>>> print(open('model_23.txt').read())   # compact mmCIF, N, CA and C atoms
# COMPACT_ATOMS: atom_id res chain seq x y z
N MET N 1 -16.14 2.48 -12.33
CA MET N 1 -14.85 3.11 -12.57
C MET N 1 -14.27 2.58 -13.87
N ASN N 2 -13.61 3.45 -14.59
CA ASN N 2 -13.00 2.99 -15.83
C ASN N 2 -11.61 2.43 -15.56
N SER N 3 -11.06 1.74 -16.57
CA SER N 3 -9.79 1.05 -16.38
C SER N 3 -8.61 2.02 -16.20
N ALA N 4 -8.77 3.29 -16.60
CA ALA N 4 -7.68 4.26 -16.44
C ALA N 4 -7.65 4.84 -15.03
N ASP N 5 -8.67 4.60 -14.25
CA ASP N 5 -8.76 5.10 -12.90
C ASP N 5 -7.73 4.40 -12.02
N PRO N 6 -6.89 5.16 -11.29
CA PRO N 6 -5.85 4.54 -10.45
C PRO N 6 -6.42 3.62 -9.39
N LEU N 7 -7.56 3.96 -8.82
CA LEU N 7 -8.16 3.11 -7.80
C LEU N 7 -8.60 1.78 -8.41
N SER N 8 -9.15 1.81 -9.61
CA SER N 8 -9.54 0.57 -10.29
C SER N 8 -8.34 -0.33 -10.52
N ALA N 9 -7.23 0.27 -10.96
CA ALA N 9 -6.02 -0.51 -11.20
C ALA N 9 -5.52 -1.14 -9.90
N TYR N 10 -5.57 -0.36 -8.82
CA TYR N 10 -5.14 -0.87 -7.51
C TYR N 10 -6.00 -2.05 -7.08
N LEU N 11 -7.31 -1.90 -7.20
CA LEU N 11 -8.23 -2.95 -6.78
C LEU N 11 -8.11 -4.18 -7.68
N LYS N 12 -7.84 -3.97 -8.96
CA LYS N 12 -7.64 -5.09 -9.87
C LYS N 12 -6.41 -5.90 -9.45
N ASP N 13 -5.33 -5.20 -9.07
CA ASP N 13 -4.14 -5.89 -8.57
C ASP N 13 -4.46 -6.70 -7.33
N MET N 14 -5.24 -6.13 -6.43
CA MET N 14 -5.60 -6.83 -5.20
C MET N 14 -6.45 -8.07 -5.53
N ASP N 15 -7.40 -7.93 -6.45
CA ASP N 15 -8.24 -9.07 -6.84
C ASP N 15 -7.40 -10.18 -7.44
N SER N 16 -6.46 -9.81 -8.33
CA SER N 16 -5.66 -10.85 -8.96
C SER N 16 -4.77 -11.54 -7.94
N PHE N 17 -4.35 -10.80 -6.93
CA PHE N 17 -3.52 -11.41 -5.89
C PHE N 17 -4.33 -12.39 -5.05
N PHE N 18 -5.47 -11.95 -4.55
CA PHE N 18 -6.23 -12.78 -3.63
C PHE N 18 -6.96 -13.93 -4.32
N TYR N 19 -7.38 -13.74 -5.57
CA TYR N 19 -8.16 -14.78 -6.22
C TYR N 19 -7.40 -15.52 -7.31
N GLY N 20 -6.29 -14.95 -7.79
CA GLY N 20 -5.55 -15.61 -8.85
C GLY N 20 -4.14 -15.98 -8.45
N GLY N 21 -3.63 -15.39 -7.39
CA GLY N 21 -2.26 -15.67 -6.98
C GLY N 21 -2.19 -16.99 -6.24
N ASN N 22 -1.22 -17.80 -6.59
CA ASN N 22 -1.13 -19.09 -5.92
C ASN N 22 0.29 -19.42 -5.47
N CYS N 23 1.15 -18.41 -5.39
CA CYS N 23 2.50 -18.70 -4.92
C CYS N 23 2.90 -17.69 -3.84
N TRP N 24 3.70 -18.14 -2.91
CA TRP N 24 4.08 -17.28 -1.78
C TRP N 24 4.92 -16.10 -2.21
N GLN N 25 5.63 -16.22 -3.36
CA GLN N 25 6.46 -15.11 -3.81
C GLN N 25 5.62 -13.87 -4.12
N ALA N 26 4.38 -14.09 -4.51
CA ALA N 26 3.49 -12.96 -4.79
C ALA N 26 3.26 -12.12 -3.55
N GLU N 27 3.33 -12.75 -2.39
CA GLU N 27 3.14 -12.01 -1.14
C GLU N 27 4.28 -11.04 -0.89
N ILE N 28 5.43 -11.31 -1.45
CA ILE N 28 6.57 -10.41 -1.30
C ILE N 28 6.56 -9.37 -2.41
N VAL N 29 6.27 -9.79 -3.62
CA VAL N 29 6.32 -8.89 -4.78
C VAL N 29 5.17 -7.89 -4.77
N LEU N 30 3.97 -8.33 -4.43
CA LEU N 30 2.81 -7.45 -4.50
C LEU N 30 2.93 -6.21 -3.62
N PRO N 31 3.31 -6.32 -2.34
CA PRO N 31 3.43 -5.10 -1.54
C PRO N 31 4.46 -4.10 -2.10
N GLU N 32 5.55 -4.63 -2.65
CA GLU N 32 6.54 -3.74 -3.26
C GLU N 32 5.95 -3.03 -4.47
N LYS N 33 5.23 -3.78 -5.29
CA LYS N 33 4.60 -3.21 -6.48
C LYS N 33 3.55 -2.16 -6.09
N LEU N 34 2.73 -2.49 -5.11
CA LEU N 34 1.69 -1.56 -4.66
C LEU N 34 2.30 -0.32 -4.02
N HIS N 35 3.43 -0.49 -3.32
CA HIS N 35 4.10 0.65 -2.70
C HIS N 35 4.59 1.62 -3.79
N ARG N 36 5.16 1.07 -4.86
CA ARG N 36 5.62 1.93 -5.97
C ARG N 36 4.43 2.66 -6.61
N LYS N 37 3.31 1.95 -6.78
CA LYS N 37 2.12 2.59 -7.36
C LYS N 37 1.59 3.69 -6.44
N MET N 38 1.61 3.41 -5.14
CA MET N 38 1.12 4.39 -4.18
C MET N 38 1.99 5.65 -4.22
N LYS N 39 3.31 5.47 -4.27
CA LYS N 39 4.21 6.62 -4.37
C LYS N 39 3.94 7.43 -5.62
N SER N 40 3.68 6.73 -6.72
CA SER N 40 3.38 7.41 -7.97
C SER N 40 2.08 8.21 -7.88
N LEU N 41 1.07 7.62 -7.25
CA LEU N 41 -0.21 8.33 -7.07
C LEU N 41 -0.03 9.58 -6.23
N VAL N 42 0.75 9.48 -5.16
CA VAL N 42 0.96 10.62 -4.28
C VAL N 42 1.71 11.72 -5.02
N ARG N 43 2.71 11.33 -5.81
CA ARG N 43 3.44 12.34 -6.60
C ARG N 43 2.52 13.06 -7.57
N ARG N 44 1.66 12.28 -8.27
CA ARG N 44 0.75 12.89 -9.24
C ARG N 44 -0.28 13.79 -8.57
N LYS N 45 -0.75 13.40 -7.40
CA LYS N 45 -1.75 14.20 -6.69
C LYS N 45 -1.16 15.50 -6.16
N GLY N 46 0.12 15.50 -5.80
CA GLY N 46 0.75 16.70 -5.26
C GLY N 46 0.04 17.16 -3.99
N THR N 47 -0.20 18.45 -3.89
CA THR N 47 -0.84 18.99 -2.68
C THR N 47 -2.32 18.62 -2.58
N GLU N 48 -2.90 18.12 -3.67
CA GLU N 48 -4.31 17.69 -3.64
C GLU N 48 -4.50 16.53 -2.66
N ILE N 49 -3.42 15.84 -2.33
CA ILE N 49 -3.50 14.71 -1.39
C ILE N 49 -3.98 15.19 -0.01
N PHE N 50 -3.83 16.48 0.27
CA PHE N 50 -4.23 17.03 1.57
C PHE N 50 -5.65 17.60 1.56
N ASN N 51 -6.34 17.51 0.42
CA ASN N 51 -7.71 18.02 0.31
C ASN N 51 -8.66 17.06 1.02
N LEU N 52 -9.18 17.48 2.17
CA LEU N 52 -10.06 16.63 2.98
C LEU N 52 -11.40 16.37 2.32
N LYS N 53 -11.78 17.18 1.33
CA LYS N 53 -13.07 17.00 0.67
C LYS N 53 -12.99 16.03 -0.52
N ASN N 54 -11.79 15.58 -0.85
CA ASN N 54 -11.59 14.67 -1.96
C ASN N 54 -11.54 13.24 -1.42
N SER N 55 -12.52 12.43 -1.78
CA SER N 55 -12.61 11.07 -1.22
C SER N 55 -11.44 10.19 -1.63
N PHE N 56 -10.94 10.35 -2.85
CA PHE N 56 -9.80 9.54 -3.27
C PHE N 56 -8.55 9.91 -2.47
N SER N 57 -8.34 11.19 -2.23
CA SER N 57 -7.19 11.62 -1.41
C SER N 57 -7.32 11.08 0.01
N ASN N 58 -8.52 11.09 0.55
CA ASN N 58 -8.74 10.53 1.88
C ASN N 58 -8.42 9.04 1.89
N TYR N 59 -8.84 8.34 0.85
CA TYR N 59 -8.57 6.90 0.74
C TYR N 59 -7.06 6.64 0.74
N ILE N 60 -6.33 7.40 -0.05
CA ILE N 60 -4.87 7.22 -0.14
C ILE N 60 -4.22 7.48 1.22
N ARG N 61 -4.62 8.56 1.89
CA ARG N 61 -4.03 8.86 3.20
C ARG N 61 -4.36 7.77 4.22
N GLU N 62 -5.57 7.22 4.17
CA GLU N 62 -5.94 6.13 5.07
C GLU N 62 -5.06 4.91 4.83
N LYS N 63 -4.79 4.59 3.56
CA LYS N 63 -3.94 3.44 3.24
C LYS N 63 -2.51 3.66 3.73
N ILE N 64 -2.01 4.88 3.56
CA ILE N 64 -0.65 5.18 4.02
C ILE N 64 -0.58 5.05 5.54
N SER N 65 -1.57 5.58 6.23
CA SER N 65 -1.59 5.48 7.70
C SER N 65 -1.68 4.03 8.16
N ARG N 66 -2.49 3.25 7.49
CA ARG N 66 -2.65 1.84 7.84
C ARG N 66 -1.34 1.09 7.65
N ASP N 67 -0.68 1.34 6.52
CA ASP N 67 0.60 0.67 6.25
C ASP N 67 1.65 1.05 7.29
N ALA N 68 1.68 2.33 7.67
CA ALA N 68 2.65 2.77 8.68
C ALA N 68 2.36 2.11 10.02
N TYR N 69 1.10 2.01 10.37
CA TYR N 69 0.71 1.37 11.63
C TYR N 69 1.18 -0.09 11.66
N HIS N 70 0.90 -0.80 10.58
CA HIS N 70 1.28 -2.22 10.54
C HIS N 70 2.80 -2.40 10.47
N ALA N 71 3.50 -1.50 9.82
CA ALA N 71 4.96 -1.57 9.81
C ALA N 71 5.49 -1.43 11.23
N GLY N 72 4.87 -0.55 12.01
CA GLY N 72 5.26 -0.40 13.41
C GLY N 72 5.00 -1.67 14.21
N GLN N 73 3.87 -2.32 13.94
CA GLN N 73 3.56 -3.58 14.62
C GLN N 73 4.61 -4.64 14.29
N LEU N 74 4.99 -4.71 13.03
CA LEU N 74 6.01 -5.69 12.63
C LEU N 74 7.34 -5.40 13.32
N GLY N 75 7.67 -4.11 13.43
CA GLY N 75 8.90 -3.74 14.13
C GLY N 75 8.86 -4.18 15.58
N LEU N 76 7.73 -3.99 16.24
CA LEU N 76 7.61 -4.43 17.63
C LEU N 76 7.73 -5.94 17.76
N LEU N 77 7.14 -6.67 16.83
CA LEU N 77 7.25 -8.13 16.86
C LEU N 77 8.71 -8.57 16.71
N ARG N 78 9.44 -7.88 15.85
CA ARG N 78 10.87 -8.21 15.68
C ARG N 78 11.63 -7.99 16.98
N VAL N 79 11.37 -6.87 17.64
CA VAL N 79 12.05 -6.57 18.90
C VAL N 79 11.70 -7.61 19.96
N MET N 80 10.43 -7.98 20.03
CA MET N 80 9.99 -8.96 21.02
C MET N 80 10.62 -10.33 20.77
N GLN N 81 10.96 -10.61 19.52
CA GLN N 81 11.61 -11.89 19.19
C GLN N 81 13.13 -11.80 19.31
N GLY N 82 13.64 -10.63 19.65
CA GLY N 82 15.08 -10.47 19.79
C GLY N 82 15.79 -10.28 18.44
N LEU N 83 15.04 -9.96 17.39
CA LEU N 83 15.64 -9.76 16.08
C LEU N 83 16.07 -8.30 15.91
N LYS N 84 17.05 -8.08 15.06
CA LYS N 84 17.49 -6.73 14.77
C LYS N 84 16.44 -6.03 13.89
N ALA N 85 16.44 -4.74 13.96
CA ALA N 85 15.53 -3.96 13.14
C ALA N 85 15.86 -4.15 11.67
N ALA N 86 14.83 -4.17 10.85
CA ALA N 86 15.03 -4.28 9.40
C ALA N 86 15.56 -2.95 8.88
N VAL N 87 16.46 -3.01 7.95
CA VAL N 87 17.04 -1.81 7.35
C VAL N 87 16.51 -1.71 5.92
N TYR N 88 15.94 -0.56 5.60
CA TYR N 88 15.37 -0.35 4.27
C TYR N 88 16.17 0.66 3.51
>>> encode(input="model_23.txt", output="structure tokens")
Amino acid sequence: MNSADPLSAYLKDMDSFFYGGNCWQAEIVLPEKLHRKMKSLVRRKGTEIFNLKNSFSNYIREKISRDAYHAGQLGLLRVMQGLKAAVY
């Protein structure tokens, strides 16, 4: 993949986080940064994001579904701990 490829940029960010990041603040900043990039990719893709024959679109939808699933898990953990729901 070339450096202009959005997937390459995403994976490069992940590599720098896991292998080069050494501070806990990166764990907060990186998901926010990746979320903004993901939103940008979805906007650029437009309706192509729903093309089941496009592997990159499938990859993006899988990541969105995974993030939503885990956000739900975090919400349940908050409820089980007696914490209020997070407001975004």
>>> closest_residue(input="model_23.txt", among="N:Arg44, N:Ser8, N:Asp13, N:Ile49", to="Leu30 in chain N", atoms="only C-alpha atoms")
N:Asp13
>>> atom_distance(input="model_23.txt", atom1="CA of His70 in chain N", atom2="atom N of Val42 in chain N")
19.6 Å
>>> atom_distance(input="model_23.txt", atom1="atom C of Gly82 in chain N", atom2="atom N of Pro31 in chain N")
24.6 Å
>>> axis_aligned_box(input="model_23.txt", around="range 57-76 of chain N", padding_each_side="5 Å", output="JSON")
{"center_x": 0.0, "center_y": 2.8, "center_z": 7.8, "size_x": 27.7, "size_y": 27.6, "size_z": 30.0}
>>> residues_around(input="model_23.txt", residues="Arg43 in chain N", least_positions_apart="6", cutoff="12 Å", atoms="only C-alpha atoms", output="list of chain:residue names")
N:Arg36, N:Lys37, N:Ile49, N:Ser57, N:Ile60
>>> atom_distance(input="model_23.txt", atom1="CA of Pro6 in chain N", atom2="CA of Ser55 in chain N")
13.2 Å
